[in-house]
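What follows is a single structure, written as structure tokens, with notes after it.
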Amino acid sequence: MSAIAEAAAPRRPPRSRFTTFDRLEVLGPLFIIPAILYVVVLVGLPFLLALYYSVSAYSIFNPSWTFVGLKNFREVIDSEIFRRTLANTLIFTISAQIIGLLLGKIGAMLLMQEFPGRRLARALIVLPWAVPVSLATLAWVWMFDSLYSVINWTLVAAGLIDPAHRPQWLGQEDLAMIAVVTVHAWRLFPFGVVIFLAGFTSVPQDVLDAATIDGAGFWRRNYQIILPIIAPIIMIALIFGTVFTFTDLSVVYLLTKGGPINSTQVLGTLAFQVGILSGDVAHGAAICLFLFPFLLVAVILLLRSLRRREI
Amino acid sequence: MAAVVVKDLRKVFGDVAALDGVSLSVRDGEFLVLLGPSGCGKTTFLRIIAGLERQTSGDVLINDEIVNDITPRARGVAMVFQSYGLYPHLTVANNIAFPLRTQGTTRPEIGRKVEWAAGLLGIDHLLHRRPRQLSGGERQRVALARALVRNPTVFLLDEPLSNLDAKLRASARSELKQFQQKVATTTIYVTHDQVEAMGMGDRIAVIDHGKLRQVGTPSAIYDHPADDFVASFLGTPPMNLVEHSGGLLGFRPEHFLPREMLDGAALSELLFRIDRMEYLGSERILYGALDGFQAKCDVAAKLPAHVPLSGIRAGEWHKFAVREAELRYFDRDGRCTVSPKEQAR
Ligand SMILES: Nc1ncnc2c1ncn2[C@@H]1O[C@H](COP(=O)(O)OP(=O)(O)O)[C@@H](O)[C@H]1O
Ligand SMILES: [Mg+2]
């Protein structure tokens with residue numbers, strides 16, 4: 001009775017319980033602003049700056065903004081060292097990718113098995129990631145050291161090499177490349193494991209069982225069922241790893257500084273040497289950006305082929 | 001000849017016995033339904049026969065050969081999984097062709113067999129699609145076609161209709177049964193749905209907690225349940241079970257009728273207090289209690305809806321009756337026995 005009377009009585013519209021911060025059109029932009037700021041200030045602006053540097057005559061001794069067109073790029077291509085660096089970068093990136101992902105796949109397959117201590121092993125596998133790259137690489141520097149190398153010590157103890165001719169891991173041109181690839185593959189390995197583990201666990205057990213019953217053995221299951229199903233995930237990992245490696249300089253810089261005689265020089269380290277240490281910012285930027293168009297096209301093509309597979 | 005025989009099969013996971021001594025023989029060309037509640041070990045049973053899982057003890061024989069140590073691919077069985085297990089990256093045609101490819105069948109032969117299987121199941125027009133572009137019913141057919149193409153010795157079907165909606169399930173049920181009769185392949189069909197079991201099985205094997213309770217034709221299982229579990233698992237509502245001289249007395253709700261609807265001799269009269277009624281369109285179900293009998297759950301009576309309820313109202317006592325021939329007796333351990341009267345004789 002009273003409820004009806006109350007409802008019938010004219011009422012002032014109640015003040016909304018919702019404040020400005022409860023409104024979606026306010027809240028949405030508010031939450032996204034930090035991310036946009038981050039990208040614009042720390043990624044976008046430096047990138048645009050680098051773009052301009054690469055077509056200018058800017059150096060720290062002569063900070064001029066004069067536009068010089070593609071002159072820097074032409075000079076860079078003409079340089080012997082740059083061409084060697086480019087080849088090194090490709091070798092470094094591709095071998096580290098292949099080794100890291102292959103080891104990652106094997107590691108993930110082992111970690112899929114049931115065994116005592118599996119959880120601990122899964123946790124430990126991410127260690128190369130969790131350790132700061134500088135610390136980890138310093139440990140590797142000692143392992144490759146000409147005098148104190150654990151690797152050499154082990155090889156000598158196993159009678160595999162002559163103690164008089166110990167390999168100078170970081171001092172010989174061919175071995176230095178092997179060393180930097182090893183360390184970078186070691187860094188990529190946990191990423192590979194995690195990616196493959198995620199992929200393997202995403203393949204439904206029913207599909208695997210069906211393949212087994214349909215007569216597929218280990219290899220056929222792996223290469224005709226599992227790999228095609230997880231290919232999109234692996235592709236993403238490959239794109240990510242490749243871009244990550246092309247632009248990385250920490251491992252090479254800490255291990256060999258690009259030496260000996262530029263045998264491990266990669267784009268990152270060369271750009272750092274030219275652009276920062278020697279102060280020739282314009283040429284440094286040109287070296288940095290040299291691969292950008294190729295990477296961009298490759299990434300776009302890969303992503304599009306992925307999307308087409310989805311449909 | 002028996003196509004599949006299992007002897008004293010046991011499978012233990014940790015401290016759970018998923019299968020606890022199952023012995024069963026499936027005849028050549030037979031459609032055997034394995035019926036039981038969820039978690040009773042049905043899937044485990046199929047996986048062991050397929051070779052996906054190794055039994056803890058016991059033997060599996062296919063075509064009179066022990067296959068305990070034979071790989072799944074050599075056993076020549078085909079299995080349809082509950083979620084079908086189609087290969088998501090392959091077209092329907094390639095899904096169906098996959099088991100042929102692993103056998104090294106020639107290309108033209110594969111083409112012919114895929115066409116034949118797709119035609120038989122009416123999915124010719126879907127051959128170029130991928131599994132995710134198919135409806136549930138179409139996926140189920142693809143899974144069946146894939147199981148069928150290589151002429152398996154045994155079909156193992158694990159609840160293949162459980163992902164379909166009710167209407168589709170009913171039509172798929174009869175199609176599947178007809179299809180099996182056409183290809184005459186020995187089939188073990190797993191389900192928890194008694195309607196599917198009754199409607200499709202040549203024989204039904206009822207399983208509970210990893211133990212086989214009864215094997216028989218649908219009518220044998222329904223009319224002469226071997227124990228109280230089978231009696232209470234089949235039928236909607238299931239058989240009424242009331243305590244009776246140390247054991248149980250059972251009778252089907254459809255045999256438990258008002259006294260005046262039954263005539264002739266050899267009737268057992270019972271006083272029934274009706275607590276509630278359900279009208280289901282074609283029938284009416286009355287729930288209540290019996291005078292002088294203890295029961296774990298309500299006693300039910302099922303009446304055709306077209307007979308008038310002359311004076312039957314909820315909350316009142318009525319005289320109901322069952323023909324003595326329809327009474328079933330179970331001993332202290334729940335096993336079916338003859339009536340105490342006959343025992344005395
Ligand atoms: N891989 C497994 N590990 C441990 N327990 C399992 C496994 N598979 C099945 N079980 C157990 O075995 C019992 C039977 O399972 P299942 O055969 O899947 O039953 P159903 O198919 O009849 O529902 C269940 O109690 C289940 O928990
Ligand atoms: Mg199951």
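The chains in the structure tokens are called A, B, ... from first to last as shown; in each chain the residues are counted from 1, and the ligands are counted from 1 in the order shown.
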Expected selection as a PDB file with N, CA, C and O atoms, in the first residue's frame for ligand 2 within 9 Å, only C-alpha atoms and all ligand atoms:
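Heads up, here's the output in result_38.pdb:
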```
ATOM      1  N   SER B  38      28.720 -41.206 -15.240  1.00  0.00           N
ATOM      2  CA  SER B  38      30.003 -40.528 -15.462  1.00  0.00           C
ATOM      3  C   SER B  38      31.050 -41.015 -14.476  1.00  0.00           C
ATOM      4  O   SER B  38      30.755 -41.209 -13.304  1.00  0.00           O
ATOM      5  N   GLY B  39      32.253 -41.189 -14.956  1.00  0.00           N
ATOM      6  CA  GLY B  39      33.348 -41.562 -14.077  1.00  0.00           C
ATOM      7  C   GLY B  39      33.386 -43.024 -13.710  1.00  0.00           C
ATOM      8  O   GLY B  39      34.139 -43.429 -12.830  1.00  0.00           O
ATOM      9  N   CYS B  40      32.597 -43.865 -14.395  1.00  0.00           N
ATOM     10  CA  CYS B  40      32.569 -45.281 -14.034  1.00  0.00           C
ATOM     11  C   CYS B  40      33.651 -46.067 -14.766  1.00  0.00           C
ATOM     12  O   CYS B  40      33.821 -47.255 -14.542  1.00  0.00           O
ATOM     13  N   GLY B  41      34.364 -45.427 -15.678  1.00  0.00           N
ATOM     14  CA  GLY B  41      35.468 -46.114 -16.347  1.00  0.00           C
ATOM     15  C   GLY B  41      35.210 -46.453 -17.801  1.00  0.00           C
ATOM     16  O   GLY B  41      35.967 -47.217 -18.397  1.00  0.00           O
ATOM     17  N   LYS B  42      34.178 -45.883 -18.405  1.00  0.00           N
ATOM     18  CA  LYS B  42      33.843 -46.229 -19.795  1.00  0.00           C
ATOM     19  C   LYS B  42      34.933 -45.789 -20.764  1.00  0.00           C
ATOM     20  O   LYS B  42      35.381 -46.571 -21.615  1.00  0.00           O
ATOM     21  N   THR B  43      35.346 -44.530 -20.633  1.00  0.00           N
ATOM     22  CA  THR B  43      36.379 -44.034 -21.543  1.00  0.00           C
ATOM     23  C   THR B  43      37.676 -44.823 -21.362  1.00  0.00           C
ATOM     24  O   THR B  43      38.339 -45.184 -22.338  1.00  0.00           O
ATOM     25  N   THR B  44      38.013 -45.095 -20.116  1.00  0.00           N
ATOM     26  CA  THR B  44      39.208 -45.880 -19.841  1.00  0.00           C
ATOM     27  C   THR B  44      39.144 -47.235 -20.546  1.00  0.00           C
ATOM     28  O   THR B  44      40.121 -47.686 -21.137  1.00  0.00           O
ATOM     29  N   GLN B  82      34.848 -38.149 -27.897  1.00  0.00           N
ATOM     30  CA  GLN B  82      33.729 -37.348 -27.399  1.00  0.00           C
ATOM     31  C   GLN B  82      33.717 -35.963 -28.050  1.00  0.00           C
ATOM     32  O   GLN B  82      32.674 -35.467 -28.446  1.00  0.00           O
ATOM     33  N   ASP B 158      33.012 -43.025 -28.343  1.00  0.00           N
ATOM     34  CA  ASP B 158      32.930 -42.518 -26.976  1.00  0.00           C
ATOM     35  C   ASP B 158      31.943 -41.355 -26.913  1.00  0.00           C
ATOM     36  O   ASP B 158      32.287 -40.229 -27.243  1.00  0.00           O
ATOM     37  N   GLU B 159      30.741 -41.650 -26.479  1.00  0.00           N
ATOM     38  CA  GLU B 159      29.690 -40.632 -26.343  1.00  0.00           C
ATOM     39  C   GLU B 159      29.650 -39.688 -27.550  1.00  0.00           C
ATOM     40  O   GLU B 159      29.737 -38.464 -27.381  1.00  0.00           O
ATOM     41  N   VAL B 190      29.932 -46.165 -26.270  1.00  0.00           N
ATOM     42  CA  VAL B 190      29.907 -45.783 -24.867  1.00  0.00           C
ATOM     43  C   VAL B 190      28.924 -44.637 -24.666  1.00  0.00           C
ATOM     44  O   VAL B 190      28.895 -43.692 -25.457  1.00  0.00           O
ATOM     45  N   THR B 191      28.105 -44.742 -23.648  1.00  0.00           N
ATOM     46  CA  THR B 191      27.192 -43.646 -23.345  1.00  0.00           C
ATOM     47  C   THR B 191      26.779 -43.701 -21.882  1.00  0.00           C
ATOM     48  O   THR B 191      26.883 -44.730 -21.229  1.00  0.00           O
ATOM     49  N   HIS B 192      26.332 -42.535 -21.379  1.00  0.00           N
ATOM     50  CA  HIS B 192      25.745 -42.540 -20.043  1.00  0.00           C
ATOM     51  C   HIS B 192      24.232 -42.383 -20.153  1.00  0.00           C
ATOM     52  O   HIS B 192      23.533 -42.305 -19.155  1.00  0.00           O
TER      53      HIS B 192
END
```
Point to revise | Site check for ligand 1: residues at most 12 Å away, only C-alpha atoms and all ligand atoms, as JSON, numbers by chain | key: {"A": [205], "B": [10, 11, 12, 13, 14, 15, 16, 17, 18, 19, 20, 34, 35, 36, 37, 38, 39, 40, 41, 42, 43, 44, 45, 46, 47, 48, 52, 53, 54, 55, 81, 82, 157, 158, 159, 189, 190, 191, 192, 193, 206, 207, 208, 209, 210, 211]}
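When the distance limit is 10 Å and only C-alpha atoms are what count, the residues near region 49-54 of chain A, minus those fewer than 4 positions from it on the same chain, are Gly44, Leu45, Tyr58, Ser59, Ser64, Trp65, Thr66, Phe67, Val68, Gly69, Leu70, Lys71, Asn72, Phe73, Asp280, Val281, Ala282, His283, Gly284, Ala285, Ala286, Ile287, Cys288, Leu289 and Phe290 of chain A.
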Counting only C-alpha atoms, which residues of chain B fall within 8 Å of chain A, and what is the closest atom pair for each with its distance in Å at one decimal, ordered by chain and rising number, as CSV?
```
residue,atom,partner,partner_atom,distance
B:Ala50,CA,A:Ile213,CA,7.1
B:Leu52,CA,A:Asp209,CA,7.1
B:Pro72,CA,A:Ile213,CA,5.4
B:Arg73,CA,A:Gly215,CA,4.2
B:Ala74,CA,A:Gly215,CA,7.6
B:Val77,CA,A:Ile213,CA,7.2
B:Ala78,CA,A:Ile213,CA,6.5
B:Met79,CA,A:Ile213,CA,7.1
B:Val80,CA,A:Ala210,CA,7.9
B:Phe81,CA,A:Asp206,CA,6.7
B:Ser83,CA,A:Asp206,CA,7.2
B:Tyr84,CA,A:Asp206,CA,7.2
B:Gly85,CA,A:Val207,CA,4.2
B:Leu86,CA,A:Val207,CA,6.1
B:Tyr87,CA,A:Val207,CA,6.2
B:Pro88,CA,A:Ile229,CA,7.2
B:His89,CA,A:Ile229,CA,6.1
B:Phe98,CA,A:Asp214,CA,7.1
B:Pro99,CA,A:Asp214,CA,4.5
B:Thr102,CA,A:Gly215,CA,5.6
B:Gln103,CA,A:Gly215,CA,7.2
```
Point to revise | strand (DSSP E or B) per DSSP on the backbone: members of region 184-283 of chain B, as a count of residues only | key: 45
Exercise for review: Pick out the residues sitting within 10 Å of Cys297 (chain B), and hand them over as an MDAnalysis selection string; count only C-alpha atoms, and ignore anything fewer than 5 positions along from it in its own chain.
Suggested key: chainID B and resid 240:242 287:289
File dump, residues just selected, N, CA and C atoms, as a PDB file, in the first residue's frame:
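Listed below is the output, out_18.pdb:
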```pdb
ATOM      1  N   ASN B 240      11.089 -48.787  -8.720  1.00  0.00           N
ATOM      2  CA  ASN B 240      10.882 -48.541  -7.285  1.00  0.00           C
ATOM      3  C   ASN B 240      11.543 -49.650  -6.496  1.00  0.00           C
ATOM      4  N   LEU B 241      12.274 -49.281  -5.472  1.00  0.00           N
ATOM      5  CA  LEU B 241      12.909 -50.284  -4.628  1.00  0.00           C
ATOM      6  C   LEU B 241      12.506 -50.000  -3.187  1.00  0.00           C
ATOM      7  N   VAL B 242      11.856 -50.965  -2.561  1.00  0.00           N
ATOM      8  CA  VAL B 242      11.465 -50.787  -1.160  1.00  0.00           C
ATOM      9  C   VAL B 242      12.018 -51.941  -0.349  1.00  0.00           C
ATOM     10  N   TYR B 287       4.161 -39.400  -7.269  1.00  0.00           N
ATOM     11  CA  TYR B 287       5.190 -39.743  -6.297  1.00  0.00           C
ATOM     12  C   TYR B 287       4.555 -39.817  -4.921  1.00  0.00           C
ATOM     13  N   GLY B 288       5.040 -40.775  -4.098  1.00  0.00           N
ATOM     14  CA  GLY B 288       4.479 -40.880  -2.765  1.00  0.00           C
ATOM     15  C   GLY B 288       5.168 -41.953  -1.961  1.00  0.00           C
ATOM     16  N   ALA B 289       4.454 -42.489  -0.969  1.00  0.00           N
ATOM     17  CA  ALA B 289       5.037 -43.492  -0.073  1.00  0.00           C
ATOM     18  C   ALA B 289       4.091 -44.684   0.022  1.00  0.00           C
TER      19      ALA B 289
END
```
**Study point:** Selection near Leu138 (chain A), 8 Å with only C-alpha atoms, sequence-local residues under 3 positions removed, as a PyMOL selection string
**Key:** chain A and resi 134-135+141-142+254-255
Residues from last step as file, C-alpha atoms, as a PDB file, in the first residue's frame:
```pdb
ATOM      1  CA  SER A 134      75.072  -8.113 -18.288  1.00  0.00           C
ATOM      2  CA  LEU A 135      75.627 -10.461 -15.329  1.00  0.00           C
ATOM      3  CA  VAL A 141      83.101 -14.051 -20.595  1.00  0.00           C
ATOM      4  CA  TRP A 142      84.863 -15.977 -17.858  1.00  0.00           C
ATOM      5  CA  LEU A 254      79.790  -7.427 -23.570  1.00  0.00           C
ATOM      6  CA  LEU A 255      81.529 -10.480 -25.029  1.00  0.00           C
TER       7      LEU A 255
END
```
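Going from CA of Lys167 (chain B) over to CA of Leu303 (chain B), you cover 25.4 Å.
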Review point. When distances are computed from only C-alpha atoms, which of A:Phe246, A:Ile236, A:Gly104, A:Trp140 shows the smallest separation from Phe200 (chain A)?
Key: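 So, comparing all the options, the nearest one is A:Gly104.
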Exercise for review: Would you kindly return, as a list of chain:residue names, each protein, DNA or RNA residue with an atom no farther than 12 Å from any atom of Asp275 (chain B), considering only C-alpha atoms and excluding same-chain residues fewer than 3 positions away?
Suggested key: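 Near neighbours after the sequence-gap exclusion: B:Phe272, B:Glu278, B:Ile285, B:Leu286, B:Tyr287, B:Gly288, B:Ala289, B:Leu290, B:Asp298, B:Val299, B:Ala300, B:Ala301, B:Ile312, B:Arg313, B:Ala314, B:Gly315, B:Glu316, B:Trp317, B:His318.
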Practice item. Find the residue from A:Val193, A:Leu175, A:Val150, A:Ile98 that sits nearest to Leu110 (chain A); use only C-alpha atoms when measuring. Key: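 With only C-alpha atoms as the atom set, the closest residue is A:Val193.
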Check your understanding: What is the distance between CA of Phe144 (chain A) and CA of Trp169 (chain A), in Å to one decimal?
Key ->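 Pair CA of Phe144 (chain A) / CA of Trp169 (chain A) returns 5.6 Å.
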Review point. Within 8 Å of region 262-273 of chain A, counting only C-alpha atoms, which residues qualify if same-chain residues fewer than 3 places away don't, as a PyMOL selection string?
Key: chain A and resi 81-82+84-86+88-89+92+173-174+176-177+180+246-249+252-253+256-259+276-278+283-285+287-288
Exercise for review: One decimal, Å: what's the distance from CA of Lys7 (chain B) over to CA of Gly21 (chain B), could you say?
Suggested key: 7.8 Å
